[in-house]
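What follows is one structure encoded as C-alpha cells, with my remarks underneath.
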Amino acid sequence: MTRLPVRLPAATLLAAALLAITPGSTIAAPLAKPEIDKLVASATATPPASFNAFLDTAVKADPKLARSVRAYRASQPLHGDDLVNIGRLLGIYNRVHNHQAVLDSISEMVALRTVRDDKVPQHENPAIVDFGKLVARMARDFGLQFRNVDNRVFEVMLPGQGSETFGILTHADVVPVVADEWMLDDGTKLDPFKVTRVGDYLYGRGTIDDKGSIAAALYAMKTVRESGVPLARTIRLMIETTEETGGDGMKYYRDKTALPEYNIVLDSKYPAVVAEKGSGALTVRFADQPVDGKTPAIVAMAGAASANAIPQTATARITGGDLNQVAATLERARDAFIAQHAAQGKFSIDIARSADAVDVKVTGVSAHGSRPEEGVNPVPRLAMFLQASGVPFADNHYARATRYLTDLYGTGYLAEQLGVGYRDDFMGPLTVSPTLIRARNGKLEVTANVRMPRGSTPDALRSRIAERIQAWSSRTGTALEIQHDQGDWMARDPKGAWLATLLNIYGDTTGLEAKPVPTAGSTTAKLMPNAINFGPAMPGKKYTAHNAKEYKEVSDLNLDMQMFTEMLVRVGNLERMQ
C-alpha cells in the first residue's frame with residue numbers, strides 16, 4: 001500500500017523549489033501578493049499595449065524588479081527570483097491582456113455539445129471532431145504545434161530547448177444536462193450550452209470542467225511563446241475526450257504515444273492534489289413487472305442525467321387506481337415528511353395531478369458526485385416519501401426500487417445503512433450516493449456513485465457491498481442483479497521541486513495556505529505517471545462541475561490565467577523535477 005510521507009512546512013517546500021532552480025544562489029524575495037495585487041489593479045485600469053510596455057510600468061511601480069527586467073531584455077539566462085518575477089509579471093500581463101479573448105474562447109468551446117452519445121463512438125462524435133478543429137485553429141494562430149491523435153487526444157506543444165517534456169492534461173468532454181434544472185432563482189432560463197454571464201459567474205456546461213482550463217492553458221502557452229522566455233523542457237498540453245466516461249481515450253493514447261514523465265492535471269482543485277479517491281458505479285437492476293391499472297403504480301422515475309452527479313430534481317409518475325385519492329394522500333403526507341427530514345438538508349416536494357397521472361417532483365441541491373456533502377440528494381428522498389406516504393402502490397419494479405433506496409441508503413451518503421462505511425485520515429470517508437434511475441433493456445437500473453478512499457481495495461469493497469445487498473434481497477424476497485465497477489484510489493508522494501513550485505505559485509498569488517491536499521474526485525491523473533492536479537477549483541467554494549447551473553467565477557478564471565502562465569515558465573525551467 002502506498003503511504004503518504006509527512007508533509008513538509010511551506011517554507012521548506014519553497015526553499016527546496018528555489019534551490020532546485022539555482023543551486024548555491026542567493027535567494028532574493030520575489031513579488032508577493034500585495035505587490036502582485038497592486039500591479040493587477042494598475043494593469044486592469046490601464047491595459048498595457050505590450051508586455052514590454054507593462055514591464056516599464058512595473059519597474060516604475062516597483063524598482064526592485066529592474067534587475068529581473070534587465071536580465072529578461074538582455075536575453076540572459078533567468079534564475080531564482082529573476083525567473084520567478086518574470087513568470088509572475090508574464091502571468092499578470094496574460095490575465096489582463098487576454099482576458100476577453102479567453103472568455104470568447106470558452107463561449108465557443110461550451111457551444112460544442114461534447115457529451116458522449118451511446119449511438120456513436122466518442123472519437124466520431126461531431127462535437128468532438130469540431131472541438132479538435134477549434135483547438136487546431138487556436139494552436140496555429142498562436143504559433144504552437146498541434147497533433148490530433150485520432151480524435152482521442154488533441155495535443156498542443158510549446159517546444160523547449162532540452163530533451164525533457166512535461167505534460168498538462170485537461171479534457172474536452174462534459175457530462176449530460178437536465179435542461180429544466182438550468183434556471184436561476186429569479187426564473188431566468190439558461191441554455192446549458194451557451195455561456196451566460198451574471199455578475200462574476202459564467203454559467204454553462206464545461207465552464208469549470210474543463211473548458212475554462214483548456215482556454216486558460218492555451219492562452220498561457222501563447223503568452224509564454226510570444227514573450228521569448230526560453231524553456232528548458234517542452235510543454236505538451238493533452239486534451240482528452242473521454243474523461244467523464246472512463247478515460248478510454250487516454251488509454252488509447254498511452255498505447256500510441258510515450259507519456260511525459262511528469263504531468264500536471266487541470267481538473268480538480270488547488271493548492272495541489274496528491275491523492276484521489278477511486279470512482280465507482282454500483283448498479284442494481286430490477287426486472288420489469290407489468291401492472292393491471294386497477295391499483296396505483298409507480299410507472300416512471302428519473303434522477304440525474306449521469307451517475308457522477310447529484311441531481312437537483314428527482315421525479316416519479318403514478319398511474320392507475322383512484323388518482324384523486326392518491327394525490328390527496330400524498331398531499332397529506334408531504335409537510336410531515338419534509339419536517340421530519342429537514343435537518344438533513346432543505347428540499348421541497350411538488351405534486352401535480354393531470355388527467356391520467358400524478359407526478360411527484362422532489363427538488364434538492366445538485367452537486368458533483370464526489371462531493372455529496374455539498375448537495376441535498378433528491379433521489380433517496382423521493383423514494384422515502386413514496387414509501388412513507390401511505391399510498392398502496394402495486395408491487396412492481398419501481399416499488400421495489402423505492403424500498404431498496406429507503407432501506408439501504410436513506411438521506412445519508414456515508415454508506416451508513418449499507419454498513420460498509422470507513423474513512424482515511426487524509427483522504428476522507430467512503431461516500432455512496434444513489435443518483436441515476438433509468439429503464440433499459442426490460443429492467444430498471446438504480447446506480448449509485450461510489451467514492452473509495454485508501455483503506456480498502458476495489459475487490460474487497462465490491463464483496464462487502466454485494467454481501468449487504470444480497471442479504472437485503474433475501475430478507476425482502478426481491479430478485480435483483482448487481483453490477484459494481486470500482487476504480488482504485490491513488491496517492492502520490494508529496495515531495496519534489498515541481499510540487500514545491502506549484503505550492504509556491506499558489507500561496508504567493510492567493511495569500512492562502514499552500515499544502516498538498518486530497519480530493520474525492522477521480523481524474524485521468526490516475527492514468528499518468530507522476531501526475532498531480534493543480535486547480536481549477538478554489539478551496540472553500542462549492543465545486544459546480546456536474547451541477548445544474550455549472551459556473552466558473554471570472555475572478556477565479558483570472559487567477560488560473562495568471563498561475564498557469566507562471567507555472568509554464570517556472571516548471572518549464574526547473575533544473576530537476578524531483
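If you're wondering about the labels, chains in the C-alpha cells are A, B, ... by order shown, residues count from 1 in each chain, ligands from 1 in order shown.
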
Can you tell me, as a PyMOL selection string, what residues are no more than 10 Å from stretch 405-412 of chain A when counting only C-alpha atoms, ignoring any on the same chain fewer than 2 positions away?
chain A and resi 341+344-345+372-373+376-388+400-403+414-419+431-434+446+448+468-469+472

With a distance cut-off of 9 Å and only C-alpha atoms, select the neighbouring residues of A:Ser370, excluding the residue or stretch itself and same-chain residues fewer than 2 positions from it, and output the selection as a VMD selection string.
chain A and resid 277 279 308 to 310 367 to 368 372 to 373 431 433 449 to 451 519 to 522

Residues within 9 Å of A:Pro30, please, as an NGL selection string. Count only C-alpha atoms; anything in the same chain fewer than 2 positions from it doesn't count.
:A and (27-28 or 32 or 65 or 80-82 or 84-85 or 88)

Go ahead and dump the residues you just picked, N, CA, C and O atoms, as a PDB file, in the first residue's frame.
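Okay, part.pdb is ready:
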ATOM      1  N   ILE A  27      19.063  33.677  -2.337  1.00  0.00           N
ATOM      2  CA  ILE A  27      17.626  33.773  -2.550  1.00  0.00           C
ATOM      3  C   ILE A  27      17.172  35.191  -2.252  1.00  0.00           C
ATOM      4  O   ILE A  27      17.352  35.691  -1.149  1.00  0.00           O
ATOM      5  N   ALA A  28      16.580  35.854  -3.228  1.00  0.00           N
ATOM      6  CA  ALA A  28      16.009  37.183  -3.039  1.00  0.00           C
ATOM      7  C   ALA A  28      14.496  37.069  -3.109  1.00  0.00           C
ATOM      8  O   ALA A  28      13.971  36.216  -3.822  1.00  0.00           O
ATOM      9  N   ALA A  32       5.396  39.410  -4.031  1.00  0.00           N
ATOM     10  CA  ALA A  32       4.452  38.771  -3.123  1.00  0.00           C
ATOM     11  C   ALA A  32       3.050  39.290  -3.413  1.00  0.00           C
ATOM     12  O   ALA A  32       2.862  40.207  -4.222  1.00  0.00           O
ATOM     13  N   LEU A  65      12.234  45.379  -9.318  1.00  0.00           N
ATOM     14  CA  LEU A  65      12.059  44.497 -10.468  1.00  0.00           C
ATOM     15  C   LEU A  65      13.049  44.801 -11.583  1.00  0.00           C
ATOM     16  O   LEU A  65      13.142  44.040 -12.554  1.00  0.00           O
ATOM     17  N   GLY A  80      16.395  31.806 -10.243  1.00  0.00           N
ATOM     18  CA  GLY A  80      15.963  32.273  -8.932  1.00  0.00           C
ATOM     19  C   GLY A  80      14.843  33.281  -8.985  1.00  0.00           C
ATOM     20  O   GLY A  80      13.849  33.117  -9.679  1.00  0.00           O
ATOM     21  N   ASP A  81      15.025  34.397  -8.233  1.00  0.00           N
ATOM     22  CA  ASP A  81      13.952  35.377  -8.149  1.00  0.00           C
ATOM     23  C   ASP A  81      13.738  36.100  -9.478  1.00  0.00           C
ATOM     24  O   ASP A  81      12.634  36.587  -9.750  1.00  0.00           O
ATOM     25  N   ASP A  82      14.759  36.174 -10.338  1.00  0.00           N
ATOM     26  CA  ASP A  82      14.554  36.771 -11.661  1.00  0.00           C
ATOM     27  C   ASP A  82      13.559  35.940 -12.472  1.00  0.00           C
ATOM     28  O   ASP A  82      12.651  36.487 -13.118  1.00  0.00           O
ATOM     29  N   VAL A  84      11.320  33.841 -11.236  1.00  0.00           N
ATOM     30  CA  VAL A  84      10.015  33.948 -10.571  1.00  0.00           C
ATOM     31  C   VAL A  84       9.338  35.256 -10.948  1.00  0.00           C
ATOM     32  O   VAL A  84       8.154  35.291 -11.318  1.00  0.00           O
ATOM     33  N   ASN A  85      10.063  36.351 -10.882  1.00  0.00           N
ATOM     34  CA  ASN A  85       9.460  37.648 -11.158  1.00  0.00           C
ATOM     35  C   ASN A  85       8.993  37.776 -12.606  1.00  0.00           C
ATOM     36  O   ASN A  85       7.900  38.298 -12.866  1.00  0.00           O
ATOM     37  N   ARG A  88       5.873  35.734 -12.986  1.00  0.00           N
ATOM     38  CA  ARG A  88       4.706  36.382 -12.372  1.00  0.00           C
ATOM     39  C   ARG A  88       4.254  37.598 -13.177  1.00  0.00           C
ATOM     40  O   ARG A  88       3.047  37.831 -13.345  1.00  0.00           O
TER      41      ARG A  88
END

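Residues in contact with A:Pro539 at up to 12 Å, not including ones fewer than 4 positions away on its chain and judged by only C-alpha atoms, are Ser268, Lys269, Tyr270, Pro271, Ala272, Val273, Tyr506, Thr510, Leu512, Glu513, Ala514, Lys515, Val517, Pro518, Thr519, Phe534, Gly535, Tyr543 and Asp556 of chain A.
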
Which of stretch 184-343 of chain A fall in strand (DSSP E), as JSON, numbers by chain
{"A": [196, 197, 198, 201, 202, 203, 234, 235, 236, 237, 238, 239, 240, 262, 263, 264, 265, 268, 269, 272, 273, 274, 275, 276, 278, 279, 280, 281, 282, 283, 284, 285, 286, 287, 297, 298, 299, 300, 301, 302, 309, 310, 313, 314, 315, 316, 317, 318, 319]}

Dump as a PDB file, in the first residue's frame, selection limited to C-alpha atoms:
ATOM      1  CA  THR A 196     -24.334  33.301 -19.783  1.00  0.00           C
ATOM      2  CA  ARG A 197     -22.533  35.802 -17.602  1.00  0.00           C
ATOM      3  CA  VAL A 198     -24.330  37.001 -14.485  1.00  0.00           C
ATOM      4  CA  TYR A 201     -20.403  33.917 -12.770  1.00  0.00           C
ATOM      5  CA  LEU A 202     -20.008  32.277 -16.182  1.00  0.00           C
ATOM      6  CA  TYR A 203     -22.838  29.733 -16.436  1.00  0.00           C
ATOM      7  CA  THR A 234       8.912  21.090 -23.871  1.00  0.00           C
ATOM      8  CA  ILE A 235       5.344  21.682 -22.702  1.00  0.00           C
ATOM      9  CA  ARG A 236       2.752  19.242 -24.032  1.00  0.00           C
ATOM     10  CA  LEU A 237      -0.914  20.096 -23.483  1.00  0.00           C
ATOM     11  CA  MET A 238      -3.075  16.969 -23.841  1.00  0.00           C
ATOM     12  CA  ILE A 239      -6.843  17.393 -24.228  1.00  0.00           C
ATOM     13  CA  GLU A 240      -8.568  14.070 -23.606  1.00  0.00           C
ATOM     14  CA  TYR A 262       5.799  14.354 -15.052  1.00  0.00           C
ATOM     15  CA  ASN A 263       2.270  15.663 -15.565  1.00  0.00           C
ATOM     16  CA  ILE A 264       0.064  18.407 -14.171  1.00  0.00           C
ATOM     17  CA  VAL A 265      -3.700  17.897 -14.460  1.00  0.00           C
ATOM     18  CA  SER A 268      -9.632  19.209  -9.714  1.00  0.00           C
ATOM     19  CA  LYS A 269      -8.701  21.857  -7.164  1.00  0.00           C
ATOM     20  CA  ALA A 272      -2.173  20.755  -5.405  1.00  0.00           C
ATOM     21  CA  VAL A 273      -3.875  17.365  -5.248  1.00  0.00           C
ATOM     22  CA  VAL A 274      -1.661  14.389  -4.404  1.00  0.00           C
ATOM     23  CA  ALA A 275      -4.352  11.810  -3.570  1.00  0.00           C
ATOM     24  CA  GLU A 276      -7.642  10.866  -5.232  1.00  0.00           C
ATOM     25  CA  GLY A 278     -11.434   5.742  -6.590  1.00  0.00           C
ATOM     26  CA  SER A 279     -14.670   6.356  -8.506  1.00  0.00           C
ATOM     27  CA  GLY A 280     -17.177   3.551  -8.882  1.00  0.00           C
ATOM     28  CA  ALA A 281     -20.655   2.863 -10.236  1.00  0.00           C
ATOM     29  CA  LEU A 282     -22.857   0.468  -8.243  1.00  0.00           C
ATOM     30  CA  THR A 283     -25.850  -0.596 -10.330  1.00  0.00           C
ATOM     31  CA  VAL A 284     -28.739  -2.750  -9.119  1.00  0.00           C
ATOM     32  CA  ARG A 285     -31.269  -3.998 -11.699  1.00  0.00           C
ATOM     33  CA  PHE A 286     -34.876  -4.996 -11.095  1.00  0.00           C
ATOM     34  CA  ALA A 287     -36.792  -6.939 -13.769  1.00  0.00           C
ATOM     35  CA  ALA A 297     -48.493   2.099  -9.543  1.00  0.00           C
ATOM     36  CA  ILE A 298     -45.235   3.980  -9.967  1.00  0.00           C
ATOM     37  CA  VAL A 299     -44.598   3.744 -13.718  1.00  0.00           C
ATOM     38  CA  ALA A 300     -41.609   6.083 -14.163  1.00  0.00           C
ATOM     39  CA  MET A 301     -38.798   7.562 -12.102  1.00  0.00           C
ATOM     40  CA  ALA A 302     -35.851   9.768 -13.033  1.00  0.00           C
ATOM     41  CA  ALA A 309     -23.702  13.920 -10.427  1.00  0.00           C
ATOM     42  CA  ILE A 310     -26.054  14.579  -7.526  1.00  0.00           C
ATOM     43  CA  THR A 313     -34.519  17.070  -9.044  1.00  0.00           C
ATOM     44  CA  ALA A 314     -35.942  13.549  -8.958  1.00  0.00           C
ATOM     45  CA  THR A 315     -39.357  12.678 -10.363  1.00  0.00           C
ATOM     46  CA  ALA A 316     -41.918   9.876 -10.302  1.00  0.00           C
ATOM     47  CA  ARG A 317     -45.125   9.282 -12.238  1.00  0.00           C
ATOM     48  CA  ILE A 318     -48.069   7.372 -10.761  1.00  0.00           C
ATOM     49  CA  THR A 319     -50.972   5.935 -12.742  1.00  0.00           C
TER      50      THR A 319
END

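Nearest to A:Asn98 of all the residues A:Pro159, A:Pro192, A:Pro48, A:Gly249 is A:Pro48, counting only C-alpha atoms.
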
Per DSSP on the backbone, what are the helix (DSSP H, G or I) residues of stretch 174-409 of chain A, as a PyMOL selection string?
chain A and resi 179-181+211-227+243-245+248-256+323-344+372-374+378-388+397-408

Hey, what's within 7 Å of A:Ala216 if we count only C-alpha atoms and toss same-chain stuff fewer than 4 positions away? As an MDAnalysis selection string, please?
chainID A and resid 102 212 220 560:561

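For the residues A:Ala500, A:Ala172, A:Val420, A:Ile338, ranking by smallest atom-to-atom distance to A:Ser389 using only C-alpha atoms places A:Ile338 first.
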